[in-house]
Amino acid sequence: MSESSIQAAVGSAILEILRGAGLECEIPDSLTLDRPKNRDHGDYATSIALALAKPSGKNPRDIATIIQAGLTGNKDIEKVDIAGPGFINITVAKASQGGAILNALSQGERYGHGNVLDGVAINLEFISANPTGPLHLGHTRWAAVGDALGRVLGAAGAKVTREFYINDRGVQMDKFGASIRAAALGLPIPEDGYHGEYIADLAKEVLASDSSLTELPETDSIAAFRDKGYALQLAQQQRVLDAFGTHFDVWFSEKSLYENDFFKHAQDELVANGHVFIHEGATWLRTTDFGDDKDRVMLKSDGSFAYFASDSAYYISKRERGFDICIYMLGADHHGYVGRLKALAACAGDDPNYNIEILIGQLVKIMENGEEVKLSKRAGTIITLEELVEKVGVDAARYTLIRYPVDTPMVMDVDLLKRRTNENPVYYVQYAHARICAVLRNAADINVAFGVEHIHPELLVHERERELIGALGEYPRVVASAAELREPHRIARYVEELAGVYHRFYADCRVLPMGEEIATELHSARATLCKATAQVIANGLGLLGVSAPEKM
């Protein structure tokens with residue numbers, strides 16, 4: 001029986017005991033047991049007796065005593081203690097504890113996967129950069145977090161489509177074309193154009209492919225440089241993201257929203273729901289009906305498209321492509337989009353509390369040699385994703401960007417991330433996995449058997465062993481929680497805690513026999529526990545897109 005199954009079974013048993021006790025109050029439909037920080041307090045704890053004391057008119061310890069008596073004889077429970085005014089501490093039977101080890105080994109890479117989002121179709125849109133320059137640090141945070149969130153949602157059973165929204169229309173594209181053309185002709189870059197070494201590089205590539213573009217009339221020439229530069233820059237973004245381990249299922253062009261009259265179709269859908277109106281010749285969406293701070297223009301009075309036209313058509317496109325939930329991962333300067341996008345979903349007849357979610361990511365600073373790194377040699381602005389990876393590597397960059405909640409600003413210390421010490425969080429976790437792999441290689445060399453046939457949970461009675469087994473059993477719950485809350489940083493924090501628990505276990509529990517000592521079933525059981533731990537660490541790192549090295 002798995003750890004989560006035991007937890008659920010014990011919770012259900014407690015509720016059945018309470019329902020049969022004749023308490024004159026409402027009994028909850030479900031009960032989540034807590035994990036005590038101090039393992040001396042058992043494997044699980046609950047304060048349900050205190051919660052029901054007032055509505056039932058009973059002393060909480062009396063209710064706790066009823067629960068304690070009712071759980072007596074349960075094969076999965078070793079003992080039930082009552083602490084303080086009515087807290088209940090539950091210790092799981094030793095023979096039942098092997099479930100987490102067995103599941104980790106038998107399920108392998110699938111251990112931790114669940115069904116809390118089973119069958120839910122999710123469109124996960126992140127990065128969504130202009131194809132006018134290299135991906136910079138702001139994009140980098142979402143490149144790591146968005147990809148990890150996609151992995152976590154998939155592990156929870158969701159059908160996830162990762163989507164990159166290409167902002168490939170508007171005046172910025174013409175400025176991009178004009179900048180490349182100017183560089184190609186040896187002219188000054190327009191003041192409001194794009195600067196940086198990459199523009200000169202693009203100009204050289206474009207000219208190498210077709211030198212006749214400079215001979216075209218200015219307007220045609222700018223358009224030609226724009227289109228060729230766009231294709232080259234987008235390809236460069238795709239290569240950089242692939243190297244970073246971030247892959248998209250769909251690269252969605254904003255321009256496509258205006259092809260084949262799709263925008264008109266989207267507008268008609270909104271008209272049918274009764275929230276479109278005309279004012280002073282412009283076409284508006286009455287988003288104030290659903291809490292937005294002002295109504296939004298879709299078509300200006302001169303017939304040109306407002307930026308919100310793309311927003312509205314894009315959302316309609318997502319929903320018509322069959323997605324139940326549309327998750328937008330936006331930058332720190334997009335707080336104002338939350339209200340308008342939620343209102344847009346409501347105008348489309350959807351539930352803004354279910355069908356659409358907006359996550360806002362805060363800024364990232366990079367520190368090196370005690371100073372903030374601001375400038376990029378290549379982009380001419382802030383540091384790029386490529387430059388960050390060159391400094392610290394893919395694993396360190398991804399792990400560090402993911403391990404913090406995205407709604408808080410963060411600082412990356414390049415000097416720390418280069419260190420191969422326990423101060424470096426990614427090294428700390430990866431080293432734990434590598435250490436276990438070394439232990440298992442040594443176990444194989446001296447013929448200590450390990451695996452699903454050698455779990456022997458009844459032998460694993462040391463405090464550190466029970467602590468480690470309990471931590472392994474928590475992993476499926478952590479994955480489910482990370483998926484439901486859209487917080488992949490929970491996986492990073494979990495594997496760090498698991499690594500710490502393992503290091504303490506390794507220090508206090510000799511895994512392999514020493515010298516001429518004869519190998520026993522306890523050695524095999526401990527080696528098996530090590531193998532299960534390595535699997536869970538690898539699974540957690542895998543959800544973050546970070547490698548689990550076997551040697552370091």
# chains A, B, ... in the order shown; residues from 1 in each chain; ligands from 1
>>> select_by_dssp(residues="segment 58-188 of chain A", states="helix (DSSP H, G or I)", output="JSON, numbers by chain")
{"A": [60, 61, 62, 63, 64, 65, 66, 67, 68, 69, 70, 71, 94, 95, 96, 98, 99, 100, 101, 102, 103, 104, 105, 106, 107, 108, 109, 110, 137, 138, 139, 140, 141, 142, 143, 144, 145, 146, 147, 148, 149, 150, 151, 152, 153, 154, 155, 171, 172, 173, 174, 175, 176, 177, 178, 179, 180, 181, 182, 183, 184, 185]}
>>> residues_around(residues="His113 of chain A", least_positions_apart="4", cutoff="10 Å", atoms="only C-alpha atoms", output="PyMOL selection string")
chain A and resi 107+109+152-157+475-477+479-480+539
>>> closest_residue(among="A:Ala519, A:Ala104, A:Leu149, A:Cys509", to="Ile491 of chain A", atoms="only C-alpha atoms")
A:Leu149
>>> atom_distance(atom1="atom CA of Ser524 of chain A", atom2="atom CA of Leu512 of chain A")
8.2 Å
>>> residues_around(residues="segment 414-423 of chain A", least_positions_apart="4", cutoff="12 Å", atoms="only C-alpha atoms", output="PyMOL selection string")
chain A and resi 365-373+387-401+427-432+496+499-500+503+552
>>> closest_atom_pairs(of="segment 258-289 of chain A", to="segment 304-311 of chain A", cutoff="9 Å", atoms="only C-alpha atoms", output="JSON lines")
{"residue": "A:Tyr258", "atom": "CA", "partner": "A:Ser310", "partner_atom": "CA", "distance": 8.5}
{"residue": "A:Phe263", "atom": "CA", "partner": "A:Ala309", "partner_atom": "CA", "distance": 7.5}
{"residue": "A:Gln267", "atom": "CA", "partner": "A:Ala309", "partner_atom": "CA", "distance": 8.6}
>>> closest_residue(among="A:Tyr404, A:Phe323, A:Phe244, A:Tyr502", to="Val120 of chain A", atoms="only C-alpha atoms")
A:Phe323
>>> select_by_dssp(residues="segment 271-301 of chain A", states="strand (DSSP E)", output="short mmCIF file (atom, residue, chain, number, x, y, z; two decimals) with N, CA, C and O atoms, in the first residue's frame")
data_model
loop_
_atom_site.label_atom_id
_atom_site.label_comp_id
_atom_site.auth_asym_id
_atom_site.auth_seq_id
_atom_site.Cartn_x
_atom_site.Cartn_y
_atom_site.Cartn_z
N VAL A 276 -20.37 43.87 -27.31
CA VAL A 276 -19.69 44.75 -28.26
C VAL A 276 -20.58 45.96 -28.54
O VAL A 276 -21.80 45.83 -28.68
N PHE A 277 -19.98 47.14 -28.60
CA PHE A 277 -20.75 48.35 -28.91
C PHE A 277 -19.89 49.30 -29.74
O PHE A 277 -18.66 49.20 -29.78
N ILE A 278 -20.58 50.21 -30.44
CA ILE A 278 -19.92 51.21 -31.27
C ILE A 278 -20.00 52.56 -30.57
O ILE A 278 -21.08 52.97 -30.10
N HIS A 279 -18.88 53.27 -30.51
CA HIS A 279 -18.86 54.59 -29.89
C HIS A 279 -17.89 55.47 -30.67
O HIS A 279 -16.71 55.11 -30.83
N ALA A 282 -15.71 53.89 -33.33
CA ALA A 282 -14.82 52.79 -32.95
C ALA A 282 -15.65 51.62 -32.40
O ALA A 282 -16.74 51.81 -31.87
N THR A 283 -15.10 50.42 -32.54
CA THR A 283 -15.75 49.21 -32.02
C THR A 283 -15.10 48.83 -30.69
O THR A 283 -13.89 48.63 -30.61
N TRP A 284 -15.95 48.71 -29.66
CA TRP A 284 -15.47 48.49 -28.30
C TRP A 284 -16.00 47.16 -27.75
O TRP A 284 -17.05 46.68 -28.16
N LEU A 285 -15.26 46.64 -26.77
CA LEU A 285 -15.75 45.50 -25.98
C LEU A 285 -16.01 46.02 -24.57
O LEU A 285 -15.13 46.62 -23.95
N ARG A 296 -12.59 48.35 -23.70
CA ARG A 296 -11.42 48.20 -24.56
C ARG A 296 -11.80 48.35 -26.03
O ARG A 296 -12.76 47.75 -26.51
N VAL A 297 -11.01 49.14 -26.75
CA VAL A 297 -11.20 49.33 -28.18
C VAL A 297 -10.61 48.14 -28.94
O VAL A 297 -9.48 47.72 -28.68
N MET A 298 -11.40 47.60 -29.87
CA MET A 298 -10.88 46.55 -30.75
C MET A 298 -10.57 47.12 -32.13
O MET A 298 -9.51 46.85 -32.69
N LEU A 299 -11.50 47.91 -32.67
CA LEU A 299 -11.28 48.57 -33.96
C LEU A 299 -11.38 50.07 -33.77
O LEU A 299 -12.36 50.58 -33.24
#
>>> closest_residue(among="A:Leu15, A:Leu459, A:Ile127, A:Ile402", to="His247 of chain A", atoms="only C-alpha atoms")
A:Ile127
>>> closest_residue(among="A:Tyr314, A:Lys175, A:Val145, A:Glu320", to="Glu487 of chain A", atoms="only C-alpha atoms")
A:Val145
>>> closest_residue(among="A:Gly70, A:Pro425, A:Gly322, A:Gly170", to="Ala13 of chain A", atoms="only C-alpha atoms")
A:Gly70
>>> atom_distance(atom1="atom CA of Lys37 of chain A", atom2="atom CA of Val501 of chain A")
12.1 Å
>>> residues_around(residues="segment 343-360 of chain A", least_positions_apart="3", cutoff="6 Å", atoms="only C-alpha atoms", output="list in words")
Leu270, Thr287, Phe290, Asp324, Ile325, Cys326, Ile327, Tyr328, Met329, Leu330, Gly331, Ala332 and Arg340 of chain A
>>> write_last_selection(atoms="N, CA and C atoms", output="compact mmCIF listing (two decimals), in the first residue's frame")
# COMPACT_ATOMS: atom_id res chain seq x y z
N LEU A 270 -18.08 37.60 -30.09
CA LEU A 270 -18.26 38.52 -28.97
C LEU A 270 -19.54 39.34 -29.13
N THR A 287 -15.81 45.52 -21.43
CA THR A 287 -15.18 44.69 -20.40
C THR A 287 -15.49 45.18 -18.99
N PHE A 290 -17.51 43.23 -16.50
CA PHE A 290 -16.92 42.13 -15.72
C PHE A 290 -15.69 42.59 -14.95
N ASP A 324 -9.49 23.76 -22.46
CA ASP A 324 -10.38 24.04 -21.33
C ASP A 324 -9.86 25.23 -20.52
N ILE A 325 -8.55 25.25 -20.33
CA ILE A 325 -7.91 26.30 -19.52
C ILE A 325 -6.81 26.95 -20.35
N CYS A 326 -6.82 28.27 -20.39
CA CYS A 326 -5.78 29.03 -21.09
C CYS A 326 -4.93 29.75 -20.05
N ILE A 327 -3.68 29.35 -19.92
CA ILE A 327 -2.77 29.96 -18.96
C ILE A 327 -1.84 30.91 -19.69
N TYR A 328 -1.85 32.17 -19.26
CA TYR A 328 -0.97 33.18 -19.82
C TYR A 328 0.14 33.45 -18.79
N MET A 329 1.38 33.36 -19.20
CA MET A 329 2.50 33.67 -18.32
C MET A 329 3.13 34.95 -18.83
N LEU A 330 2.91 36.04 -18.10
CA LEU A 330 3.29 37.37 -18.57
C LEU A 330 4.37 38.00 -17.69
N GLY A 331 5.02 39.01 -18.22
CA GLY A 331 6.10 39.69 -17.51
C GLY A 331 5.59 40.67 -16.47
N ALA A 332 6.54 41.19 -15.69
CA ALA A 332 6.20 42.05 -14.55
C ALA A 332 5.49 43.33 -14.95
N ARG A 340 -8.21 42.88 -17.75
CA ARG A 340 -8.81 42.93 -19.09
C ARG A 340 -8.94 41.54 -19.71
>>> closest_residue(among="A:Asp249, A:Ile222, A:Gly99, A:Glu280", to="Gly303 of chain A", atoms="only C-alpha atoms")
A:Glu280
